[in-house]
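In what follows, a structure is listed as structure tokens, so that the remarks can point back to it.
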Amino acid sequence: MLTSDFHYELPKDLIAQEPPEVRGTSRMMVLHRTSGRIEHRHVGDLPEYLTPSDLLVLNDTRVFPARLLGAWADTGGAVELLLVAPSPSPDCWTCLCGSGRPLRAGLHARFAEGAIDAEILERTDGATCVVLFRTHEPLMALLEKHGHLPIPAYIHRDGDERLERLDRERYQTVYARETGAVAAPTAGLHFTDALFQALDAKGVRRASVTLHVGPGTFKPVKTETIEAHRMDMERYCVPQATADAIADCNARGGRVVAVGSTSVRTIETVAAANNGHVVAAEGGSSIFIYPPYRFHATDAMLTNFHLPQSTLIMMVSALAGRDFIFRAYQEAIRERYRFFSYGDCMLIL
């Protein structure tokens, strides 16, 4: 299929720049795949569409302030690092480096008012390198104090401290637990304690997986055909309790309702490798889901609205059908839904 088959025009003013004033008040478009019907609701209405037989699967990854701004030790020139994934070597991370100079092994940079010394050990690919961090305090503690949250490029901050403080609170799910993501699993941003209480009262069960979202989630598809695109690897874990919960859901005839594309990718990665069964597992996922992919573990999905020609809009097109998705997106534009990370959501049933 052509990448251009997944393009659409979006007015820039529909790209949400801030979260809703109150978490959990976003609009929710409901897509009924069997009938082709579309409803316009709010995320607080989610319990109406689920039953005690259903299982919500959520990604409990936690976004950390992975973006560091500093200077080269020798020239004083500006340099930026985005920590992507820990390396097997102690105190080493694979990073994306932004700088006006060529990268090479042996370069040193200073961050966090000199509390972090970063040495490039190896340039691996383009702007990607392996970096050794030397600190007198735990690196994560320094990142929490001096790092910046790596929000998507389409959300503009321009150094606004109020908005950066807002991002610290709101670009994070209320159930985030496992630190390691550089982007939020944004469908989960809609959940509140009150919504979970309403779901509990309905008898809806839930389970967690972990997929540490990397910068590849924003990587554009630049190939002419989607089949030629390759996904970046992202670390995942499916605990035994979640594998058991999914098996129980299937046995009682319930639906596995994945919250967000990262939950879908995790359970589909494991199911594809185990004859359609979700088992306890951990590793790296590079699965690319696009039409006509046959889903093994996902029955329904809550998701945000995605960028044109992105791997994410290709995934939801595989689940609901490209024509239905694009009809829904055009209706969302007419109804002035808010798009992307801080935007409204879609429930695909």
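Going by the structure tokens order, chains are called A, B, ..., each with residues numbered from 1, while ligands are numbered from 1 in the order shown.
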Give me the residues within 8 Å of A:Thr3 as a ChimeraX atom specification, counting only C-alpha atoms and dropping any in the same chain fewer than 2 places off. /A:1,5-7,221-226,309
Restricting it to C-alpha atoms, dump the selection as an mmCIF file, in the first residue's frame.
data_model
loop_
_atom_site.group_PDB
_atom_site.id
_atom_site.type_symbol
_atom_site.label_atom_id
_atom_site.label_comp_id
_atom_site.auth_asym_id
_atom_site.auth_seq_id
_atom_site.Cartn_x
_atom_site.Cartn_y
_atom_site.Cartn_z
ATOM 1 C CA MET A 1 0.000 0.000 0.000
ATOM 2 C CA ASP A 5 -3.094 6.496 1.000
ATOM 3 C CA PHE A 6 -2.994 7.500 4.663
ATOM 4 C CA HIS A 7 -2.730 11.255 4.201
ATOM 5 C CA VAL A 221 6.985 7.041 7.296
ATOM 6 C CA LYS A 222 9.243 8.278 4.510
ATOM 7 C CA THR A 223 9.060 5.260 2.218
ATOM 8 C CA GLU A 224 6.766 5.298 -0.800
ATOM 9 C CA THR A 225 5.124 2.064 0.277
ATOM 10 C CA ILE A 226 4.261 1.314 3.886
ATOM 11 C CA GLN A 309 0.759 9.099 7.171
#
Please identify all polymer residues within 10 Å of A:Tyr329, counting only C-alpha atoms, omitting same-chain residues fewer than 6 positions from it, and present them as a PyMOL selection string. chain A and resi 8-10+29+305-306+323+335+337+339+346
Return the single residue from A:His156, A:Arg338, A:Arg23, A:Arg170 that is closest to A:Asp193, with distances computed using only C-alpha atoms.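 When distances to A:Asp193 are compared using only C-alpha atoms, the smallest one comes from A:Arg23.
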Using only C-alpha atoms, determine which residues lie at most 12 Å from A:Arg165, disregarding the query and same-chain residues fewer than 5 positions distant; provide the list as number ranges by chain. A: 18, 65, 148-149, 157, 159-160, 170-171
Let me make sure I understand: among A:Ala183, A:Ile289, A:Leu302, A:Leu163, which one has the smallest atom-to-atom distance to A:Ser341 if we use only C-alpha atoms?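 Of the candidates, the smallest distance to A:Ser341 is held by A:Ala183.
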Would you give me, as a ChimeraX atom specification, the residues in stretch 1-239 of chain A that DSSP reads as strand (DSSP E)? /A:27-32,37-42,55-59,61-63,67-72,78-86,92-99,108-111,116-125,128-135,178-181,205-211,234-238
How would you write, as number ranges by chain, the set of residues in stretch 152-297 of chain A that DSSP gives as alpha helix (DSSP H)? A: 161-170, 193-202, 240-251, 261-272
Find the spatial neighbours of A:Val279, counting only C-alpha atoms, within a cut-off of 8 Å - ignore same-chain residues fewer than 3 positions away - and output them as a list in words.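 The contact residues come out as Val238, Gln240, Ala243, Asp244, Val270, Ala271 and Asn274 of chain A.
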Can you write just those residues out, N, CA and C atoms, as an mmCIF file, in the first residue's frame?
data_model
loop_
_atom_site.group_PDB
_atom_site.id
_atom_site.type_symbol
_atom_site.label_atom_id
_atom_site.label_comp_id
_atom_site.auth_asym_id
_atom_site.auth_seq_id
_atom_site.Cartn_x
_atom_site.Cartn_y
_atom_site.Cartn_z
ATOM 1 N N VAL A 238 5.269 -8.140 29.590
ATOM 2 C CA VAL A 238 3.927 -8.628 29.897
ATOM 3 C C VAL A 238 4.043 -9.523 31.120
ATOM 4 N N GLN A 240 2.975 -12.130 34.219
ATOM 5 C CA GLN A 240 2.154 -13.345 34.232
ATOM 6 C C GLN A 240 0.705 -13.030 34.592
ATOM 7 N N ALA A 243 -1.062 -11.906 31.466
ATOM 8 C CA ALA A 243 -1.297 -13.039 30.562
ATOM 9 C C ALA A 243 -2.469 -13.883 31.068
ATOM 10 N N ASP A 244 -2.524 -14.106 32.380
ATOM 11 C CA ASP A 244 -3.632 -14.875 32.965
ATOM 12 C C ASP A 244 -4.960 -14.138 32.798
ATOM 13 N N VAL A 270 3.538 -10.214 21.467
ATOM 14 C CA VAL A 270 3.648 -11.486 22.186
ATOM 15 C C VAL A 270 2.747 -12.547 21.556
ATOM 16 N N ALA A 271 1.521 -12.161 21.204
ATOM 17 C CA ALA A 271 0.593 -13.137 20.630
ATOM 18 C C ALA A 271 1.090 -13.651 19.275
ATOM 19 N N ASN A 274 3.468 -16.433 19.702
ATOM 20 C CA ASN A 274 3.040 -17.579 20.511
ATOM 21 C C ASN A 274 1.703 -18.134 20.031
#
Name the residues in contact with A:Ala207 at a cut-off of 12 Å, using only C-alpha atoms, excluding same-chain residues fewer than 4 positions from it; report them as a list of chain:residue names.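 Non-adjacent residues within range: A:Asp54, A:Leu55, A:Leu56, A:Val57, A:Leu58, A:Asn59, A:Asp60, A:Tyr175, A:Val238, A:Pro239, A:Gln240, A:Ala241, A:Thr242, A:Ala243, A:Asp244, A:Ala245, A:Ile246, A:Ala247, A:Asp248, A:Cys249, A:Val256, A:Val257, A:Ala258, A:Val259, A:Ser263, A:Ile267.
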What would the file look like if the residues just selected were written as a short mmCIF file (atom, residue, chain, number, x, y, z; two decimals), in the first residue's frame with N, CA and C atoms?
data_model
loop_
_atom_site.label_atom_id
_atom_site.label_comp_id
_atom_site.auth_asym_id
_atom_site.auth_seq_id
_atom_site.Cartn_x
_atom_site.Cartn_y
_atom_site.Cartn_z
N ASP A 54 -15.45 -7.79 30.04
CA ASP A 54 -14.36 -7.16 29.30
C ASP A 54 -13.14 -6.93 30.18
N LEU A 55 -12.00 -6.74 29.51
CA LEU A 55 -10.73 -6.47 30.20
C LEU A 55 -10.05 -5.28 29.54
N LEU A 56 -9.76 -4.25 30.33
CA LEU A 56 -8.96 -3.13 29.85
C LEU A 56 -7.48 -3.47 30.03
N VAL A 57 -6.68 -3.22 28.99
CA VAL A 57 -5.23 -3.43 29.09
C VAL A 57 -4.57 -2.07 28.93
N LEU A 58 -3.82 -1.66 29.96
CA LEU A 58 -3.20 -0.34 29.99
C LEU A 58 -1.68 -0.46 30.03
N ASN A 59 -1.01 0.52 29.45
CA ASN A 59 0.45 0.59 29.47
C ASN A 59 0.88 1.47 30.64
N ASP A 60 1.57 0.87 31.62
CA ASP A 60 1.91 1.60 32.85
C ASP A 60 3.28 2.27 32.81
N TYR A 175 -1.77 6.38 36.27
CA TYR A 175 -1.34 5.05 36.71
C TYR A 175 0.10 4.72 36.28
N VAL A 238 5.27 -8.14 29.59
CA VAL A 238 3.93 -8.63 29.90
C VAL A 238 4.04 -9.52 31.12
N PRO A 239 3.52 -9.09 32.28
CA PRO A 239 3.60 -9.94 33.48
C PRO A 239 2.68 -11.15 33.40
N GLN A 240 2.97 -12.13 34.22
CA GLN A 240 2.15 -13.35 34.23
C GLN A 240 0.71 -13.03 34.59
N ALA A 241 0.49 -12.09 35.53
CA ALA A 241 -0.87 -11.75 35.94
C ALA A 241 -1.68 -11.22 34.76
N THR A 242 -1.03 -10.47 33.87
CA THR A 242 -1.74 -9.94 32.70
C THR A 242 -2.03 -11.03 31.68
N ALA A 243 -1.06 -11.91 31.47
CA ALA A 243 -1.30 -13.04 30.56
C ALA A 243 -2.47 -13.88 31.07
N ASP A 244 -2.52 -14.11 32.38
CA ASP A 244 -3.63 -14.88 32.96
C ASP A 244 -4.96 -14.14 32.80
N ALA A 245 -4.95 -12.82 33.00
CA ALA A 245 -6.18 -12.03 32.89
C ALA A 245 -6.72 -12.06 31.46
N ILE A 246 -5.83 -12.01 30.47
CA ILE A 246 -6.26 -12.06 29.07
C ILE A 246 -6.83 -13.44 28.74
N ALA A 247 -6.18 -14.50 29.24
CA ALA A 247 -6.70 -15.86 29.02
C ALA A 247 -8.08 -16.02 29.66
N ASP A 248 -8.25 -15.48 30.86
CA ASP A 248 -9.54 -15.57 31.54
C ASP A 248 -10.61 -14.79 30.76
N CYS A 249 -10.25 -13.62 30.24
CA CYS A 249 -11.18 -12.81 29.46
C CYS A 249 -11.64 -13.57 28.22
N VAL A 256 -10.98 -8.00 24.92
CA VAL A 256 -9.73 -7.37 25.36
C VAL A 256 -9.72 -5.97 24.73
N VAL A 257 -9.84 -4.95 25.57
CA VAL A 257 -9.91 -3.56 25.12
C VAL A 257 -8.57 -2.90 25.44
N ALA A 258 -7.78 -2.68 24.42
CA ALA A 258 -6.45 -2.10 24.60
C ALA A 258 -6.55 -0.59 24.68
N VAL A 259 -5.91 -0.01 25.67
CA VAL A 259 -5.87 1.44 25.82
C VAL A 259 -4.60 1.94 25.15
N SER A 263 -0.27 -0.38 24.02
CA SER A 263 -0.82 -1.62 24.59
C SER A 263 -1.11 -2.64 23.49
N ILE A 267 0.72 -6.49 23.28
CA ILE A 267 0.05 -7.80 23.31
C ILE A 267 0.07 -8.47 21.95
#
Using only C-alpha atoms for the distances, tell me which of A:Gly284, A:Pro185, A:Gly36, A:Pro215 is nearest to A:Thr128. A:Pro215
For a quick check of understanding, using only C-alpha atoms, which of A:Arg41, A:Arg67, A:Arg252, A:Arg123 has the smallest distance to A:Lys145?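 Looking only at the distances to A:Lys145, the closest residue turns out to be A:Arg67.
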Quick one: distance from atom CA of A:Ala112 to atom CA of A:Phe64 in Å, one decimal?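 These atoms are spaced 15.4 Å apart.
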Pick out the closest residue to A:Leu319 from this set: A:Asp200, A:Asp299, A:Glu169, A:Glu161. Count only C-alpha atoms.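 Among the listed residues, the smallest separation from A:Leu319 belongs to A:Asp299.
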